[in-house]
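Listing of final-v6.pdb; format and content: PDB, C-alpha atoms.
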```
MODEL        1
ATOM      1  CA  ALA E 227     172.915  90.061   2.119
ATOM      2  CA  VAL E 228     169.157  89.579   2.265
ATOM      3  CA  ALA E 229     169.218  90.331   6.003
ATOM      4  CA  GLU E 230     170.551  93.804   5.192
ATOM      5  CA  LEU E 231     167.703  94.415   2.729
ATOM      6  CA  ASN E 232     165.173  93.287   5.341
ATOM      7  CA  ARG E 233     166.537  95.767   7.914
ATOM      8  CA  ASP E 234     165.100  98.570   5.772
ATOM      9  CA  PRO E 235     162.314 100.077   7.954
ATOM     10  CA  ARG E 236     160.096 100.320   4.868
ATOM     11  CA  ARG E 237     159.883  96.499   4.796
ATOM     12  CA  THR E 238     157.455  94.460   6.861
ATOM     13  CA  GLY E 239     155.732  91.103   6.798
ATOM     14  CA  TRP E 240     152.959  89.150   8.475
ATOM     15  CA  ARG E 241     154.964  88.886  11.695
ATOM     16  CA  ARG E 242     155.375  92.689  11.911
ATOM     17  CA  PRO E 243     152.302  94.061  10.139
ATOM     18  CA  ARG E 244     152.459  97.802   9.533
ATOM     19  CA  LEU E 245     151.301 100.080   6.790
ATOM     20  CA  VAL E 246     154.546 100.280   4.812
ATOM     21  CA  GLY E 247     155.359  99.957   1.146
ATOM     22  CA  LEU E 248     157.677  96.962   0.942
ATOM     23  CA  ASP E 249     157.425  93.315   1.864
ATOM     24  CA  ARG E 250     160.351  91.507   3.404
ATOM     25  CA  VAL E 251     162.546  89.590   0.965
ATOM     26  CA  ALA E 252     161.907  85.889   1.530
ATOM     27  CA  VAL E 253     164.702  83.469   0.731
ATOM     28  CA  SER E 254     163.043  80.762  -1.334
ATOM     29  CA  GLY E 255     164.561  77.525  -2.511
ATOM     30  CA  GLU E 256     164.560  78.938  -6.027
ATOM     31  CA  LEU E 257     166.579  81.990  -4.921
ATOM     32  CA  THR E 258     169.018  79.798  -2.980
ATOM     33  CA  GLU E 259     169.536  77.579  -6.050
ATOM     34  CA  HIS E 260     170.047  80.582  -8.322
ATOM     35  CA  LEU E 261     172.625  82.076  -5.963
ATOM     36  CA  ALA E 262     174.426  78.718  -5.680
ATOM     37  CA  ILE E 263     174.907  78.628  -9.459
ATOM     38  CA  HIS E 264     177.025  81.784  -9.040
ATOM     39  CA  ARG E 265     178.663  80.483  -5.837
ATOM     40  CA  LEU E 266     176.743  83.014  -3.741
ATOM     41  CA  ARG E 267     174.678  82.703  -0.557
ATOM     42  CA  ALA E 268     171.720  84.731   0.691
ATOM     43  CA  ASP E 269     173.352  85.224   4.095
ATOM     44  CA  ALA E 270     176.583  86.690   2.677
ATOM     45  CA  PRO E 271     177.271  90.058   1.037
ATOM     46  CA  LEU E 272     177.822  90.151  -2.716
ATOM     47  CA  PRO E 273     181.426  90.296  -3.910
ATOM     48  CA  GLU E 274     182.831  93.725  -4.829
ATOM     49  CA  GLY E 275     181.481  94.898  -8.206
ATOM     50  CA  PHE E 276     178.852  92.143  -8.389
ATOM     51  CA  SER E 277     175.193  93.104  -8.670
ATOM     52  CA  LEU E 278     172.097  90.974  -8.436
ATOM     53  CA  GLU E 279     168.543  91.904  -9.310
ATOM     54  CA  ILE E 280     165.818  90.154  -7.370
ATOM     55  CA  VAL E 281     162.673  90.522  -9.424
ATOM     56  CA  GLY E 282     159.479  90.792  -7.444
ATOM     57  CA  GLU E 283     156.277  92.764  -7.425
ATOM     58  CA  GLU E 284     157.367  94.948  -4.567
ATOM     59  CA  ALA E 285     161.128  95.222  -4.949
ATOM     60  CA  GLU E 286     160.801  99.000  -5.163
ATOM     61  CA  ILE E 287     157.663 100.948  -5.953
ATOM     62  CA  ILE E 288     158.228 104.192  -7.836
ATOM     63  CA  ASP E 289     155.146 106.305  -8.528
ATOM     64  CA  ARG E 290     155.742 108.532 -11.544
ATOM     65  CA  THR E 291     152.139 109.620 -12.096
ATOM     66  CA  ASP E 292     152.988 113.331 -12.026
ATOM     67  CA  ALA E 293     155.820 112.982 -14.556
ATOM     68  CA  ILE E 294     154.039 110.906 -17.210
ATOM     69  CA  ASP E 295     152.522 112.696 -20.196
ATOM     70  CA  PRO E 296     148.692 112.814 -19.873
ATOM     71  CA  GLY E 297     148.392 111.123 -23.267
ATOM     72  CA  TRP E 298     149.523 107.861 -21.681
ATOM     73  CA  GLY E 299     146.638 108.156 -19.209
ATOM     74  CA  ILE E 300     144.276 108.388 -22.166
ATOM     75  CA  VAL E 301     145.881 105.262 -23.681
ATOM     76  CA  ALA E 302     145.444 103.433 -20.356
ATOM     77  CA  ALA E 303     141.800 104.499 -19.950
ATOM     78  CA  ARG E 304     141.017 103.509 -23.540
ATOM     79  CA  ALA E 305     142.611 100.068 -23.090
ATOM     80  CA  CYS E 306     140.506  99.464 -19.985
ATOM     81  CA  ALA E 307     137.352 100.630 -21.774
ATOM     82  CA  LEU E 308     138.031  98.392 -24.800
ATOM     83  CA  LEU E 309     138.407  95.393 -22.483
ATOM     84  CA  GLY E 310     135.354  96.304 -20.399
ATOM     85  CA  VAL E 311     137.471  96.761 -17.270
ATOM     86  CA  ASP E 312     136.019  99.415 -14.985
ATOM     87  CA  VAL E 313     138.906  99.427 -12.455
ATOM     88  CA  GLY E 314     142.204  98.359 -13.955
ATOM     89  CA  GLY E 315     145.896  98.622 -13.366
ATOM     90  CA  VAL E 316     147.783  99.398 -16.546
ATOM     91  CA  ASP E 317     151.462  98.523 -16.849
ATOM     92  CA  LEU E 318     153.581 100.529 -19.262
ATOM     93  CA  ARG E 319     156.953  99.278 -20.461
ATOM     94  CA  GLY E 320     159.890 101.234 -21.830
ATOM     95  CA  PRO E 321     162.491 103.799 -20.848
ATOM     96  CA  LEU E 322     161.100 106.542 -18.598
ATOM     97  CA  GLU E 323     161.868 109.264 -21.143
ATOM     98  CA  CYS E 324     159.374 107.635 -23.560
ATOM     99  CA  PHE E 325     156.550 108.320 -21.125
ATOM    100  CA  LEU E 326     157.490 111.950 -20.509
ATOM    101  CA  ARG E 327     156.289 112.799 -24.025
ATOM    102  CA  PRO E 328     153.007 111.981 -25.813
ATOM    103  CA  PRO E 329     152.447 108.399 -26.978
ATOM    104  CA  PRO E 330     153.691 107.678 -30.509
ATOM    105  CA  LYS E 331     151.392 107.200 -33.466
ATOM    106  CA  ALA E 332     150.667 103.582 -34.370
ATOM    107  CA  GLY E 333     153.205 101.910 -36.620
ATOM    108  CA  PRO E 334     155.686  99.045 -36.814
ATOM    109  CA  GLU E 335     158.332 100.921 -34.785
ATOM    110  CA  ALA E 336     155.979 102.531 -32.246
ATOM    111  CA  TRP E 337     156.850  99.932 -29.591
ATOM    112  CA  ARG E 338     160.354 101.430 -29.399
ATOM    113  CA  GLU E 339     158.803 104.565 -27.905
ATOM    114  CA  GLY E 340     157.177 102.857 -24.934
ATOM    115  CA  ALA E 341     154.204 100.560 -24.913
ATOM    116  CA  LEU E 342     151.224  99.413 -22.925
ATOM    117  CA  LEU E 343     152.263  96.013 -21.590
ATOM    118  CA  GLU E 344     149.127  94.753 -19.858
ATOM    119  CA  VAL E 345     145.859  95.622 -18.150
ATOM    120  CA  ASN E 346     145.385  94.059 -14.725
ATOM    121  CA  VAL E 347     141.765  93.449 -13.753
ATOM    122  CA  LEU E 348     142.796  93.022 -10.104
ATOM    123  CA  PRO E 349     145.167  95.962  -9.685
ATOM    124  CA  ALA E 350     147.510  96.148  -6.708
ATOM    125  CA  LEU E 351     146.162  99.434  -5.360
ATOM    126  CA  HIS E 352     148.539  99.378  -2.406
ATOM    127  CA  LEU E 353     151.472  99.940  -4.761
ATOM    128  CA  HIS E 354     150.221 103.481  -5.374
ATOM    129  CA  ALA E 355     149.044 104.081  -1.826
ATOM    130  CA  LEU E 356     152.470 103.196  -0.377
ATOM    131  CA  PRO E 357     155.208 103.881  -2.941
ATOM    132  CA  THR E 358     158.837 103.838  -1.847
ATOM    133  CA  VAL E 359     159.500 106.815  -4.137
ATOM    134  CA  GLY E 360     156.941 109.404  -5.227
ATOM    135  CA  ALA E 361     153.691 110.738  -3.854
ATOM    136  CA  ALA E 362     151.196 108.443  -2.151
ATOM    137  CA  ARG E 363     147.893 108.334  -4.033
ATOM    138  CA  PRO E 364     144.428 108.141  -2.401
ATOM    139  CA  VAL E 365     143.558 105.036  -4.423
ATOM    140  CA  PHE E 366     141.652 103.277  -1.644
ATOM    141  CA  ASP E 367     139.407 106.318  -1.141
ATOM    142  CA  ALA E 368     138.765 106.526  -4.882
ATOM    143  CA  PHE E 369     138.005 102.796  -5.111
ATOM    144  CA  VAL E 370     135.549 102.860  -2.196
ATOM    145  CA  ALA E 371     133.861 105.985  -3.600
ATOM    146  CA  TYR E 372     133.539 104.234  -6.963
ATOM    147  CA  CYS E 373     132.076 101.083  -5.375
ATOM    148  CA  LEU E 374     129.535 103.124  -3.408
ATOM    149  CA  SER E 375     128.402 104.831  -6.614
ATOM    150  CA  MET E 376     127.428 101.515  -8.268
ATOM    151  CA  PRO E 377     123.742 100.535  -8.580
ATOM    152  CA  GLY E 378     122.729  98.424  -5.596
ATOM    153  CA  ALA E 379     125.605  99.640  -3.441
ATOM    154  CA  PRO E 380     124.791 100.138   0.233
ATOM    155  CA  PRO E 381     124.407 103.728   1.362
ATOM    156  CA  PRO E 382     127.489 105.261   2.971
ATOM    157  CA  ARG E 383     127.531 104.790   6.760
ATOM    158  CA  SER E 384     130.017 107.462   7.757
ATOM    159  CA  THR E 385     127.311 109.832   9.028
ATOM    160  CA  VAL E 386     125.738 107.102  11.172
ATOM    161  CA  GLU E 387     129.104 106.072  12.623
ATOM    162  CA  ALA E 388     130.079 109.693  13.273
ATOM    163  CA  ALA E 389     126.797 110.310  15.095
ATOM    164  CA  ALA E 390     127.223 107.124  17.147
ATOM    165  CA  ALA E 391     130.711 108.217  18.161
ATOM    166  CA  ARG E 392     129.227 111.335  19.798
ATOM    167  CA  LEU E 393     126.723 109.447  21.976
ATOM    168  CA  PRO E 394     127.420 109.744  25.702
ATOM    169  CA  SER E 395     128.803 106.596  27.287
ATOM    170  CA  GLY E 396     126.624 105.144  29.820
TER     171      GLY E 396
ENDMDL
END
```
Could you render the structure as structure tokens?
Amino acid sequence: AVAELNRDPRRTGWRRPRLVGLDRVAVSGELTEHLAIHRLRADAPLPEGFSLEIVGEEAEIIDRTDAIDPGWGIVAARACALLGVDVGGVDLRGPLECFLRPPPKAGPEAWREGALLEVNVLPALHLHALPTVGAARPVFDAFVAYCLSMPGAPPPRSTVEAAAARLPSG
């Protein structure tokens, strides 16, 4: 049942804001209708042997950065550069084993060996900062550092704030 999924301590929502990787599963009218087609309900467990996949951005976040062949990183960076995207999220599609080896050479069957699906110009950085599986990445730090390196960016204030924190209270 959805209630069982939402008991996972890695899930939160606006009513219980915390820095965790998963949102609560909301039961929408669309989900209720879809379940009803199969004579199922969101508040009841699935029948034995029945599985259901709820597709959503944050169903489970698996960071595989360390496992992927570096050649795919080059493909991702090149795609962003060709589109003029300075900070992008690149989605790859295919079986995991395709991405553990170098990208294939171009050709009519190359898509069978994994492919670049899309470049997101507004990447969901939190997916890599708070994965449910895999190492957390310092993406927010990298993004802020990048923004502060841009022409016209304000100077960093960390030294001023650190000095102010040491002032005696009075």
| Nearby residues (only C-alpha atoms) at most 10 Å from range 294-311 of chain E, same-chain spacing under 3 positions excluded, as JSON, numbers by chain | {"E": [289, 290, 291, 314, 315, 316, 317, 318, 322, 323, 324, 325, 326, 327, 328, 329, 330, 340, 341, 342, 344, 345, 346, 347, 348]}
| task | Pull the neighbourhood of (146.2, 99.0, -4.3) for me: all residues within 10 Å in file coordinates, counting only C-alpha atoms, as a PyMOL selection string. | result | chain E and resi 315+348-356+363-366+369
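Here CA of Leu278 in chain E stands at a distance of 18.1 Å from CA of Asp249 in chain E.
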| query | What is the CA of Thr258 in chain E-CA of Ala270 in chain E distance in Å, reported with one decimal? | reply |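 Between CA of Thr258 in chain E and CA of Ala270 in chain E the gap works out to 11.7 Å.
We find CA of Phe276 in chain E and CA of Ala229 in chain E to be spaced 17.4 Å apart.
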